[in-house]
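Data file: input_30.cif. Format and content: mmCIF, C-alpha atoms and all ligand atoms.
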```cif
data_input
#
loop_
_atom_site.label_atom_id
_atom_site.label_comp_id
_atom_site.auth_asym_id
_atom_site.auth_seq_id
_atom_site.Cartn_x
_atom_site.Cartn_y
_atom_site.Cartn_z
CA MET A 1 43.86 49.47 -73.66
CA GLN A 2 43.65 45.80 -72.62
CA ARG A 3 44.67 45.44 -68.98
CA ASP A 4 45.65 42.52 -66.80
CA LEU A 5 42.85 40.54 -65.32
CA SER A 6 42.32 37.12 -63.86
CA GLU A 7 39.16 35.07 -63.99
CA GLN A 8 38.78 32.25 -61.54
CA LYS A 9 37.21 29.45 -63.61
CA CYS A 10 36.00 26.00 -62.62
CA PRO A 11 38.51 23.47 -64.06
CA ALA A 12 35.66 20.96 -64.55
CA CYS A 13 33.11 23.05 -66.43
CA GLY A 14 34.62 26.49 -67.05
CA ALA A 15 31.92 28.41 -65.15
CA PRO A 16 33.02 31.26 -62.86
CA LEU A 17 34.17 30.27 -59.37
CA ARG A 18 33.28 32.26 -56.30
CA PHE A 19 34.71 32.25 -52.79
CA ASP A 20 32.26 30.62 -50.36
CA PRO A 21 32.56 32.09 -46.81
CA ALA A 22 30.79 29.13 -45.17
CA SER A 23 33.21 26.44 -46.43
CA GLY A 24 36.26 28.65 -47.01
CA LYS A 25 36.60 27.08 -50.49
CA SER A 26 36.22 28.19 -54.12
CA VAL A 27 32.89 26.82 -55.33
CA CYS A 28 31.28 26.43 -58.73
CA ASP A 29 27.55 27.16 -58.56
CA TRP A 30 27.11 25.58 -62.02
CA CYS A 31 28.41 22.03 -61.47
CA GLY A 32 28.59 22.08 -57.64
CA LYS A 33 32.31 21.25 -57.39
CA SER A 34 34.41 22.95 -54.73
CA TYR A 35 38.16 23.54 -54.51
CA GLU A 36 40.51 24.06 -51.57
CA ILE A 37 42.43 27.34 -51.61
CA PRO A 38 46.17 26.68 -51.06
CA SER A 39 47.41 28.10 -47.75
CA THR A 40 50.60 29.46 -49.28
CA ALA A 41 51.01 32.92 -50.78
CA GLU A 42 50.36 33.26 -54.48
CA GLU A 43 53.28 32.90 -56.89
CA PRO A 44 54.16 36.29 -58.33
CA ALA A 45 53.35 36.54 -62.04
CA GLU A 46 56.26 36.29 -64.44
CA GLY A 47 58.32 39.44 -64.61
CA GLU A 48 56.57 40.91 -61.62
CA ALA A 49 58.74 42.31 -58.87
CA GLN A 50 57.75 41.28 -55.37
CA ALA A 51 57.45 43.93 -52.70
CA GLU A 52 60.61 43.94 -50.66
CA GLY A 53 60.42 43.33 -46.94
CA GLY A 54 56.83 42.14 -47.26
CA SER A 55 55.26 45.58 -47.16
CA ALA A 56 54.05 47.73 -49.99
CA PRO A 57 56.07 50.73 -51.16
CA LYS A 58 54.27 53.95 -51.95
CA PRO A 59 52.87 53.88 -55.48
CA GLY A 60 51.60 56.90 -57.37
CA ILE A 61 47.87 57.17 -56.82
CA SER A 62 46.06 58.69 -59.75
CA GLU A 63 42.48 59.54 -60.52
CA GLU A 64 42.64 57.36 -63.63
CA ILE A 65 39.73 55.41 -65.02
CA CYS A 66 40.52 51.80 -65.90
CA VAL A 67 38.82 49.91 -68.71
CA TYR A 68 38.86 46.12 -68.88
CA SER A 69 37.19 43.80 -71.34
CA CYS A 70 35.52 40.72 -69.90
CA ARG A 71 37.04 37.60 -71.46
CA SER A 72 33.77 35.70 -71.21
CA CYS A 73 31.37 38.10 -72.92
CA GLY A 74 33.61 40.87 -74.27
CA ALA A 75 31.79 43.62 -72.35
CA GLU A 76 33.83 46.68 -71.44
CA ILE A 77 34.02 47.18 -67.69
CA VAL A 78 34.94 50.62 -66.44
CA THR A 79 36.33 50.96 -62.92
CA ASP A 80 38.17 53.57 -60.92
CA ALA A 81 41.80 53.43 -59.86
CA VAL A 82 41.18 51.55 -56.61
CA THR A 83 38.75 48.77 -57.55
CA ALA A 84 40.51 45.38 -57.59
CA SER A 85 37.73 42.83 -57.92
CA VAL A 86 34.38 43.07 -59.72
CA THR A 87 31.58 40.94 -61.09
CA CYS A 88 30.83 41.51 -64.77
CA PRO A 89 27.39 43.19 -64.80
CA TYR A 90 26.54 41.48 -68.12
CA CYS A 91 27.54 37.83 -67.68
CA GLY A 92 28.19 37.43 -63.93
CA ASN A 93 31.84 36.51 -64.45
CA ASN A 94 34.03 37.16 -61.38
CA ILE A 95 37.02 39.19 -62.48
CA ILE A 96 40.14 40.15 -60.53
CA LEU A 97 42.02 43.14 -61.84
CA THR A 98 45.45 41.72 -61.15
CA GLU A 99 47.47 44.91 -61.54
CA LYS A 100 45.70 46.27 -58.42
CA VAL A 101 46.87 43.41 -56.19
CA THR A 102 50.34 42.61 -57.53
CA GLY A 103 53.80 44.10 -57.27
CA GLY A 104 53.86 46.94 -54.76
CA LEU A 105 50.09 46.60 -54.31
CA ARG A 106 50.20 42.93 -53.29
CA PRO A 107 48.58 42.58 -49.84
CA ASP A 108 50.69 40.96 -47.10
CA GLY A 109 47.65 39.05 -45.91
CA ILE A 110 43.90 38.66 -46.09
CA ILE A 111 41.14 37.66 -43.66
CA PRO A 112 38.58 35.83 -45.86
CA PHE A 113 34.84 36.45 -45.45
CA LYS A 114 33.30 34.09 -42.87
CA ILE A 115 29.76 35.46 -42.85
CA ASP A 116 27.59 34.66 -45.84
CA LYS A 117 25.41 37.28 -47.53
CA LYS A 118 22.31 35.30 -46.68
CA ASP A 119 23.01 35.57 -42.91
CA LEU A 120 22.88 39.35 -43.08
CA PRO A 121 19.14 40.01 -42.42
CA ALA A 122 19.31 37.87 -39.25
CA ALA A 123 22.41 39.76 -38.03
CA VAL A 124 20.70 43.11 -38.66
CA GLN A 125 17.59 41.97 -36.73
CA ASN A 126 19.84 40.87 -33.90
CA PHE A 127 21.57 44.27 -33.93
CA TYR A 128 18.22 46.06 -33.60
CA LYS A 129 16.86 43.66 -30.96
CA ASP A 130 17.66 45.85 -27.94
CA LYS A 131 17.34 49.24 -29.62
CA MET A 132 14.49 50.58 -27.51
CA LEU A 133 13.74 53.66 -29.59
CA LEU A 134 13.15 51.76 -32.82
CA PRO A 135 9.83 52.53 -34.53
CA LYS A 136 7.40 49.65 -33.91
CA ARG A 137 6.88 48.68 -37.57
CA PHE A 138 10.54 49.03 -38.49
CA PHE A 139 11.12 45.39 -39.46
CA SER A 140 8.01 45.01 -41.58
CA GLU A 141 8.49 48.36 -43.35
CA SER A 142 12.25 48.53 -43.93
CA SER A 143 14.40 46.95 -46.61
CA ILE A 144 18.11 46.24 -47.10
CA ARG A 145 19.65 47.66 -50.28
CA ASP A 146 22.99 48.34 -51.96
CA LEU A 147 24.50 45.33 -50.23
CA CYS A 148 28.18 44.99 -51.09
CA GLY A 149 30.75 42.54 -49.74
CA VAL A 150 34.05 44.39 -49.99
CA TYR A 151 37.61 43.59 -49.00
CA VAL A 152 38.69 46.88 -47.42
CA PRO A 153 42.39 47.83 -47.53
CA PHE A 154 43.79 48.21 -44.01
CA TRP A 155 47.22 49.01 -42.61
CA LEU A 156 48.28 47.05 -39.52
CA TYR A 157 50.86 48.73 -37.35
CA ASP A 158 53.34 47.18 -34.94
CA CYS A 159 54.97 49.70 -32.66
CA THR A 160 56.62 50.33 -29.30
CA MET A 161 55.42 53.30 -27.28
CA SER A 162 58.01 54.46 -24.78
CA GLY A 163 58.85 57.47 -22.65
CA SER A 164 57.50 58.95 -19.42
CA ALA A 165 54.18 60.30 -18.22
CA TYR A 166 54.23 63.03 -15.56
CA TYR A 167 51.67 63.59 -12.83
CA GLU A 168 51.13 65.65 -9.75
CA GLY A 169 50.08 63.40 -6.88
CA TYR A 170 48.85 64.32 -3.41
CA ASN A 171 48.12 62.75 -0.04
CA ASP A 172 45.97 64.34 2.63
CA SER A 173 46.26 63.79 6.36
CA ALA A 174 44.03 65.27 9.06
CA MET A 175 44.73 65.97 12.72
CA ARG A 176 42.73 67.56 15.53
CA SER A 177 44.07 70.62 17.26
CA GLY A 178 41.69 71.84 19.96
CA ASP A 179 38.42 72.80 18.27
CA TYR A 180 39.93 72.59 14.80
CA ILE A 181 40.64 69.81 12.34
CA ILE A 182 43.76 70.62 10.34
CA THR A 183 44.13 68.99 6.94
CA GLU A 184 47.61 68.79 5.52
CA ARG A 185 48.11 68.10 1.79
CA LYS A 186 51.50 66.97 0.54
CA HIS A 187 52.25 67.33 -3.18
CA TYR A 188 54.49 64.99 -5.16
CA ASP A 189 55.97 65.18 -8.65
CA LEU A 190 55.48 61.72 -10.18
CA GLU A 191 57.14 60.20 -13.21
CA ARG A 192 55.86 56.93 -14.68
CA GLY A 193 58.14 55.14 -17.15
CA VAL A 194 56.31 53.55 -20.09
CA ASN A 195 57.38 50.85 -22.51
CA MET A 196 54.48 49.21 -24.32
CA ASP A 197 54.43 47.01 -27.41
CA PHE A 198 51.50 47.12 -29.83
CA LYS A 199 50.79 44.57 -32.52
CA ASP A 200 48.44 44.67 -35.53
CA ILE A 201 46.67 47.96 -34.78
CA PRO A 202 44.37 48.41 -37.78
CA VAL A 203 43.68 51.67 -39.65
CA ASP A 204 41.73 51.62 -42.91
CA GLY A 205 43.49 52.79 -46.06
CA SER A 206 40.34 53.67 -48.00
CA ALA A 207 39.42 57.32 -48.60
CA ARG A 208 35.82 56.57 -49.47
CA LEU A 209 34.85 54.66 -46.34
CA ASP A 210 33.99 56.52 -43.17
CA ASP A 211 36.91 56.22 -40.68
CA ALA A 212 34.73 56.16 -37.57
CA LEU A 213 32.47 53.47 -39.09
CA MET A 214 35.50 51.31 -39.94
CA ASP A 215 37.00 51.78 -36.44
CA SER A 216 33.77 50.67 -34.81
CA LEU A 217 33.80 47.38 -36.76
CA GLU A 218 36.77 46.16 -34.74
CA PRO A 219 38.04 43.90 -33.45
CA PHE A 220 39.04 41.55 -36.26
CA ASP A 221 40.59 38.26 -35.17
CA MET A 222 44.07 38.48 -36.69
CA ALA A 223 44.65 34.76 -36.01
CA ASP A 224 42.54 34.09 -39.14
CA MET A 225 44.94 36.04 -41.35
CA LYS A 226 45.88 34.04 -44.48
CA PRO A 227 48.57 34.56 -47.09
CA PHE A 228 47.02 36.51 -49.98
CA ARG A 229 45.37 34.47 -52.77
CA MET A 230 43.25 35.96 -55.52
CA SER A 231 40.68 33.15 -55.10
CA TYR A 232 39.40 34.81 -51.91
CA LEU A 233 38.33 37.87 -53.92
CA SER A 234 36.07 36.01 -56.39
CA GLY A 235 32.47 37.14 -56.04
CA PHE A 236 33.39 40.03 -53.76
CA PHE A 237 34.30 43.60 -54.42
CA ALA A 238 37.87 44.53 -53.51
CA GLU A 239 39.74 47.79 -53.30
CA ARG A 240 43.39 48.66 -53.22
CA PHE A 241 44.44 51.32 -50.75
CA ASP A 242 44.24 54.96 -51.79
CA LYS A 243 45.70 56.28 -48.54
CA ASP A 244 49.21 54.94 -48.07
CA SER A 245 50.78 53.91 -44.77
CA ASP A 246 52.43 57.32 -44.24
CA GLU A 247 49.12 59.14 -44.67
CA VAL A 248 47.26 57.14 -42.02
CA ARG A 249 50.19 56.58 -39.64
CA GLN A 250 49.20 59.55 -37.46
CA ARG A 251 45.79 57.95 -36.80
CA ALA A 252 47.50 54.74 -35.70
CA GLU A 253 49.90 56.64 -33.43
CA ASP A 254 47.05 58.65 -31.88
CA ARG A 255 45.14 55.45 -31.15
CA MET A 256 48.17 53.80 -29.57
CA LEU A 257 48.94 56.88 -27.46
CA THR A 258 45.31 57.04 -26.25
CA SER A 259 45.41 53.35 -25.26
CA THR A 260 48.81 53.77 -23.58
CA MET A 261 47.64 56.77 -21.53
CA ARG A 262 44.44 54.98 -20.51
CA ILE A 263 46.49 52.11 -19.08
CA VAL A 264 49.12 54.33 -17.43
CA ASN A 265 46.51 56.72 -15.97
CA ALA A 266 44.69 53.78 -14.39
CA SER A 267 47.66 52.88 -12.17
CA ALA A 268 49.54 56.20 -11.93
CA GLY A 269 47.83 57.11 -8.66
CA ASP A 270 48.63 53.88 -6.79
CA GLY A 271 49.70 54.87 -3.27
CA TYR A 272 48.27 58.41 -3.58
CA MET A 273 44.87 59.87 -2.75
CA GLY A 274 44.72 61.58 -6.13
CA VAL A 275 46.79 62.40 -9.22
CA VAL A 276 46.49 65.06 -11.91
CA PRO A 277 48.08 64.26 -15.32
CA LYS A 278 50.54 66.97 -16.38
CA ASP A 279 52.48 65.99 -19.44
CA ASN A 280 54.11 63.10 -21.29
CA ASP A 281 56.98 62.55 -23.70
CA ILE A 282 55.80 59.13 -24.95
CA LYS A 283 56.94 58.50 -28.53
CA PRO A 284 56.48 55.66 -31.02
CA SER A 285 59.46 53.66 -32.22
CA ASN A 286 60.08 50.52 -34.33
CA LEU A 287 56.97 51.39 -36.35
CA ASN A 288 56.19 48.77 -38.95
CA ALA A 289 53.20 48.63 -41.32
CA LYS A 290 51.64 45.64 -43.09
CA TYR A 291 49.08 45.92 -45.87
CA VAL A 292 46.08 43.59 -45.55
CA LEU A 293 42.53 43.16 -46.86
CA LEU A 294 39.74 42.76 -44.30
CA PRO A 295 36.15 41.62 -45.03
CA VAL A 296 33.33 44.16 -44.64
CA TYR A 297 29.73 44.26 -45.85
CA THR A 298 28.34 47.71 -46.51
CA PHE A 299 24.61 48.24 -47.03
CA LYS A 300 21.75 50.63 -46.46
CA VAL A 301 18.55 50.08 -44.58
CA ASN A 302 15.71 52.04 -46.16
CA TYR A 303 12.88 53.07 -43.87
CA LYS A 304 10.11 55.46 -44.98
CA GLY A 305 12.20 56.84 -47.85
CA THR A 306 15.36 57.49 -45.78
CA ASP A 307 18.56 55.47 -46.16
CA TYR A 308 20.51 54.53 -43.03
CA SER A 309 24.15 53.53 -43.64
CA PHE A 310 25.42 50.31 -42.14
CA ALA A 311 28.49 48.14 -42.13
CA MET A 312 29.11 44.63 -40.89
CA ASN A 313 32.34 42.90 -39.95
CA GLY A 314 32.44 40.04 -42.51
CA GLN A 315 34.46 37.89 -40.11
CA THR A 316 32.66 38.33 -36.76
CA GLY A 317 29.17 39.51 -37.83
CA GLU A 318 29.42 42.70 -35.72
CA VAL A 319 26.98 45.29 -37.13
CA VAL A 320 27.36 49.06 -36.81
CA GLY A 321 25.20 51.84 -38.19
CA ASP A 322 22.52 54.45 -37.72
CA VAL A 323 19.32 53.74 -35.89
CA PRO A 324 16.12 55.52 -36.85
CA THR A 325 14.31 56.64 -33.72
CA ASP A 326 10.62 56.93 -33.04
CA LYS A 327 10.01 60.51 -31.82
CA GLY A 328 7.24 59.47 -29.41
CA ARG A 329 9.35 56.71 -27.91
CA ALA A 330 12.43 58.98 -27.69
CA LEU A 331 10.40 61.49 -25.68
CA THR A 332 9.23 58.84 -23.21
CA ARG A 333 12.82 57.70 -22.83
CA ARG A 334 14.08 61.22 -22.14
CA TRP A 335 11.44 61.70 -19.45
CA GLY A 336 12.48 58.37 -18.02
CA THR A 337 16.10 59.53 -17.75
CA PHE A 338 15.01 62.86 -16.29
CA ALA A 339 12.93 61.08 -13.65
CA ALA A 340 15.88 58.87 -12.68
CA VAL A 341 18.25 61.86 -12.39
CA PHE A 342 15.64 63.76 -10.39
CA ALA A 343 15.31 60.81 -8.01
CA ALA A 344 19.10 60.74 -7.55
CA ILE A 345 19.18 64.46 -6.75
CA MET A 346 16.40 63.99 -4.21
CA LEU A 347 18.36 61.16 -2.62
CA ILE A 348 21.49 63.31 -2.30
CA ILE A 349 19.50 66.17 -0.77
CA TRP A 350 17.96 63.73 1.66
CA PHE A 351 21.41 62.44 2.68
CA ILE A 352 22.72 65.98 3.18
CA SER A 353 19.76 67.08 5.25
CA CYS A 354 19.85 64.27 7.78
ZN ZN B 401 32.05 23.78 -62.48
ZN ZN B 402 31.17 39.41 -68.94
#
```
Would you give me this structure, written as structure tokens?
Ligand SMILES: [Zn+2]
Ligand SMILES: [Zn+2]
Amino acid sequence: MQRDLSEQKCPACGAPLRFDPASGKSVCDWCGKSYEIPSTAEEPAEGEAQAEGGSAPKPGISEEICVYSCRSCGAEIVTDAVTASVTCPYCGNNIILTEKVTGGLRPDGIIPFKIDKKDLPAAVQNFYKDKMLLPKRFFSESSIRDLCGVYVPFWLYDCTMSGSAYYEGYNDSAMRSGDYIITERKHYDLERGVNMDFKDIPVDGSARLDDALMDSLEPFDMADMKPFRMSYLSGFFAERFDKDSDEVRQRAEDRMLTSTMRIVNASAGDGYMGVVPKDNDIKPSNLNAKYVLLPVYTFKVNYKGTDYSFAMNGQTGEVVGDVPTDKGRALTRRWGTFAAVFAAIMLIIWFISC
């Protein structure tokens, strides 16, 4: 079956265009021309219903395999249900599979790539710079592979967290009575009212990317968010979400509750010598989700036959991933920590004994 696709072509020479992170423009590598990307949202295709209220409704997500034929070379390209942008493996044509990014699947916004592929080795070196346990020959003996620039589907949540957090607080006072010192502890039931607004809390909507890895790529600078245009996808891989906003909402709420409690706990004991958290009835309200695409590079670093998984924030250059450790160096480090702890214990004993 022939499916909908869009090829971003150079109007001057007809060669494929690609999005260039450095200039923020569509460029033609063939004739060297570059084109501004309009800052308005893309016109919906004829007959295509626009998502109401600006956010995507829940579509049926199937395990289907999609087949497209490249208009430039005629090759059949097979993708899964979530892939939205590919490069033809035969002719290098950049193809956008429009049905994955239109209608209910149209993103509300996109942060375009800012970091170029060629800057990646330098960023990785920088990441490793202060990793003390790295094997000595790591840089000369490792290689980067399976590099992929992918627009990852994210849900951004706006929400108000409100309710009360309950604590038990206490104050101690001491007084001398003859040979004795009497300590009196007064207990208080404390209630702290909470009303906190959150904006653009991101949670990834991709089942195949590791949640913890995606969380550690934050923060993204949401000020760079642009209305969605297909031109940004050219030359990059893109996915549509396969976990909808209802499926990942709990993760967003958990994150917001954790942040709320951290802030409330920090000031709950003001005026008291100590507080113990007891309970809370803080609940989310006015929850609103936006669907956006955020830029991420995924790659592997191969060292001595083992692959280490990495990801890089394509906007800020932040790198996260595994670090191979040198066993000899790790051992020295552990002894170092042990020695420091031992010294601290000695110091405490010394204080107690004098
Ligand atoms: Zn051209
Ligand atoms: Zn092709």
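Shortest separation to A:Glu36 among A:Asp20, A:Glu184, A:Asp197, A:Asp4 occurs at residue A:Asp20, atoms counted being all atoms listed in the file.
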Query - 6 Å shell around ligand ZN 401 (chain B) using all atoms listed in the file, listed as an MDAnalysis selection string - result: chainID A and resid 10 12:15 28 30:31 33
Query - Contact residues around A:Pro153 with only C-alpha atoms at 8 Å, ignoring same-chain residues under 5 positions, as JSON, numbers by chain - result: {"A": [204, 205, 206, 239, 240, 241, 291, 292, 293, 294]}
Report summary line: The distance between atom CA of A:Gly32 and atom CA of A:Leu17 is 10.1 Å
Restrict the calculation to all atoms listed in the file, then for each residue of chain A with any atom at most 12 Å from an atom of ligand ZN 402 (chain B) give the closest atom pair and their distance in Å to one decimal, rows by chain and rising residue number, as CSV.
```
residue,atom,partner,partner_atom,distance
A:Glu7,CA,B:ZN402,ZN,10.4
A:Ala15,CA,B:ZN402,ZN,11.7
A:Pro16,CA,B:ZN402,ZN,10.3
A:Tyr68,CA,B:ZN402,ZN,10.2
A:Ser69,CA,B:ZN402,ZN,7.8
A:Cys70,CA,B:ZN402,ZN,4.6
A:Arg71,CA,B:ZN402,ZN,6.6
A:Ser72,CA,B:ZN402,ZN,5.1
A:Cys73,CA,B:ZN402,ZN,4.2
A:Gly74,CA,B:ZN402,ZN,6.0
A:Ala75,CA,B:ZN402,ZN,5.5
A:Glu76,CA,B:ZN402,ZN,8.1
A:Ile77,CA,B:ZN402,ZN,8.4
A:Val86,CA,B:ZN402,ZN,10.4
A:Thr87,CA,B:ZN402,ZN,8.0
A:Cys88,CA,B:ZN402,ZN,4.7
A:Pro89,CA,B:ZN402,ZN,6.8
A:Tyr90,CA,B:ZN402,ZN,5.1
A:Cys91,CA,B:ZN402,ZN,4.2
A:Gly92,CA,B:ZN402,ZN,6.2
A:Asn93,CA,B:ZN402,ZN,5.4
A:Asn94,CA,B:ZN402,ZN,8.4
A:Ile95,CA,B:ZN402,ZN,8.7
```
Name all residues at most 12 Å from A:Thr306 (count all atoms listed in the file; drop same-chain ones fewer than 4 positions away) and give them as a PDB file with C-alpha atoms, keeping the file's coordinate frame.
```pdb
ATOM      1  CA  GLU A 141       8.490  48.360 -43.350  1.00  0.00           C
ATOM      2  CA  SER A 142      12.250  48.530 -43.930  1.00  0.00           C
ATOM      3  CA  SER A 143      14.400  46.950 -46.610  1.00  0.00           C
ATOM      4  CA  ILE A 144      18.110  46.240 -47.100  1.00  0.00           C
ATOM      5  CA  ARG A 145      19.650  47.660 -50.280  1.00  0.00           C
ATOM      6  CA  LYS A 300      21.750  50.630 -46.460  1.00  0.00           C
ATOM      7  CA  VAL A 301      18.550  50.080 -44.580  1.00  0.00           C
ATOM      8  CA  ASN A 302      15.710  52.040 -46.160  1.00  0.00           C
ATOM      9  CA  ASP A 322      22.520  54.450 -37.720  1.00  0.00           C
ATOM     10  CA  VAL A 323      19.320  53.740 -35.890  1.00  0.00           C
ATOM     11  CA  PRO A 324      16.120  55.520 -36.850  1.00  0.00           C
TER      12      PRO A 324
END
```
Query raised in the report: Using only C-alpha atoms, can you list as a ChimeraX atom specification the residues within 10 Å of (41.9, 52.7, -37.9)?
Result: /A:154-157,201-205,211-218,248-249,251-255
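Nearest to A:Cys66 of all the residues A:Val82, A:Arg208, A:Ser34, A:Met225 is A:Val82, based on only C-alpha atoms.
For the atom pair formed by atom CA of A:Pro38 and atom CA of A:Lys117, the distance is 23.6 Å, given to one decimal.
The space separating atom CA of A:Gly169 from atom CA of A:Val264 comes to 13.9 Å.
Shortest atom-to-atom contact with A:Tyr170 among A:Tyr188, A:Phe237, A:Phe19, A:Phe198: A:Tyr188, counting all atoms listed in the file.
Residue nearest A:Glu191, chosen from A:Ser177, A:Asn265, A:Gln250, A:Ser140 and counting only C-alpha atoms: A:Asn265.
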Incomplete stretch 155-162 of chain A brought to all heavy atoms, written out as a tab-separated table (two decimals), in the coordinates of the input:
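Everything below was put into result_29.tsv:
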```
chain	number	residue	atom	x	y	z
A	155	TRP	N	45.82	49.06	-43.04
A	155	TRP	CA	47.22	49.01	-42.61
A	155	TRP	C	47.24	48.51	-41.17
A	155	TRP	O	46.47	48.97	-40.34
A	155	TRP	CB	47.86	50.40	-42.69
A	155	TRP	CG	47.97	50.89	-44.11
A	155	TRP	CD1	47.13	51.75	-44.74
A	155	TRP	CD2	48.96	50.52	-45.06
A	155	TRP	NE1	47.53	51.94	-46.04
A	155	TRP	CE2	48.66	51.20	-46.27
A	155	TRP	CE3	50.07	49.67	-45.04
A	155	TRP	CZ2	49.43	51.07	-47.42
A	155	TRP	CZ3	50.84	49.55	-46.18
A	155	TRP	CH2	50.51	50.24	-47.35
A	156	LEU	N	48.11	47.54	-40.90
A	156	LEU	CA	48.28	47.05	-39.52
A	156	LEU	C	49.63	47.51	-39.02
A	156	LEU	O	50.65	47.26	-39.65
A	156	LEU	CB	48.26	45.52	-39.49
A	156	LEU	CG	47.00	44.79	-39.97
A	156	LEU	CD1	47.16	43.30	-39.72
A	156	LEU	CD2	45.76	45.32	-39.27
A	157	TYR	N	49.61	48.17	-37.88
A	157	TYR	CA	50.86	48.73	-37.35
A	157	TYR	C	51.36	47.95	-36.14
A	157	TYR	O	50.58	47.63	-35.24
A	157	TYR	CB	50.65	50.18	-36.94
A	157	TYR	CG	50.44	51.09	-38.13
A	157	TYR	CD1	49.17	51.27	-38.65
A	157	TYR	CD2	51.51	51.73	-38.73
A	157	TYR	CE1	48.97	52.08	-39.76
A	157	TYR	CE2	51.32	52.54	-39.84
A	157	TYR	CZ	50.05	52.71	-40.34
A	157	TYR	OH	49.85	53.51	-41.43
A	158	ASP	N	52.65	47.66	-36.14
A	158	ASP	CA	53.34	47.18	-34.94
A	158	ASP	C	54.18	48.37	-34.46
A	158	ASP	O	54.73	49.10	-35.29
A	158	ASP	CB	54.29	46.03	-35.26
A	158	ASP	CG	53.54	44.79	-35.70
A	158	ASP	OD1	52.32	44.75	-35.51
A	158	ASP	OD2	54.19	43.87	-36.25
A	159	CYS	N	54.28	48.51	-33.16
A	159	CYS	CA	54.97	49.70	-32.66
A	159	CYS	C	55.29	49.56	-31.18
A	159	CYS	O	54.61	48.82	-30.47
A	159	CYS	CB	54.03	50.88	-32.88
A	159	CYS	SG	54.61	52.43	-32.27
A	160	THR	N	56.34	50.24	-30.74
A	160	THR	CA	56.62	50.33	-29.30
A	160	THR	C	56.40	51.77	-28.87
A	160	THR	O	56.90	52.69	-29.52
A	160	THR	CB	58.09	49.92	-29.02
A	160	THR	OG1	58.28	48.60	-29.52
A	160	THR	CG2	58.39	49.95	-27.53
A	161	MET	N	55.62	51.95	-27.82
A	161	MET	CA	55.42	53.30	-27.28
A	161	MET	C	56.26	53.40	-26.01
A	161	MET	O	56.07	52.60	-25.09
A	161	MET	CB	53.95	53.54	-26.93
A	161	MET	CG	52.99	53.47	-28.11
A	161	MET	SD	53.26	54.75	-29.36
A	161	MET	CE	52.39	56.11	-28.64
A	162	SER	N	57.19	54.35	-25.98
A	162	SER	CA	58.01	54.46	-24.78
A	162	SER	C	58.30	55.91	-24.43
A	162	SER	O	58.23	56.80	-25.28
A	162	SER	CB	59.31	53.66	-24.93
A	162	SER	OG	59.90	53.96	-26.17
```
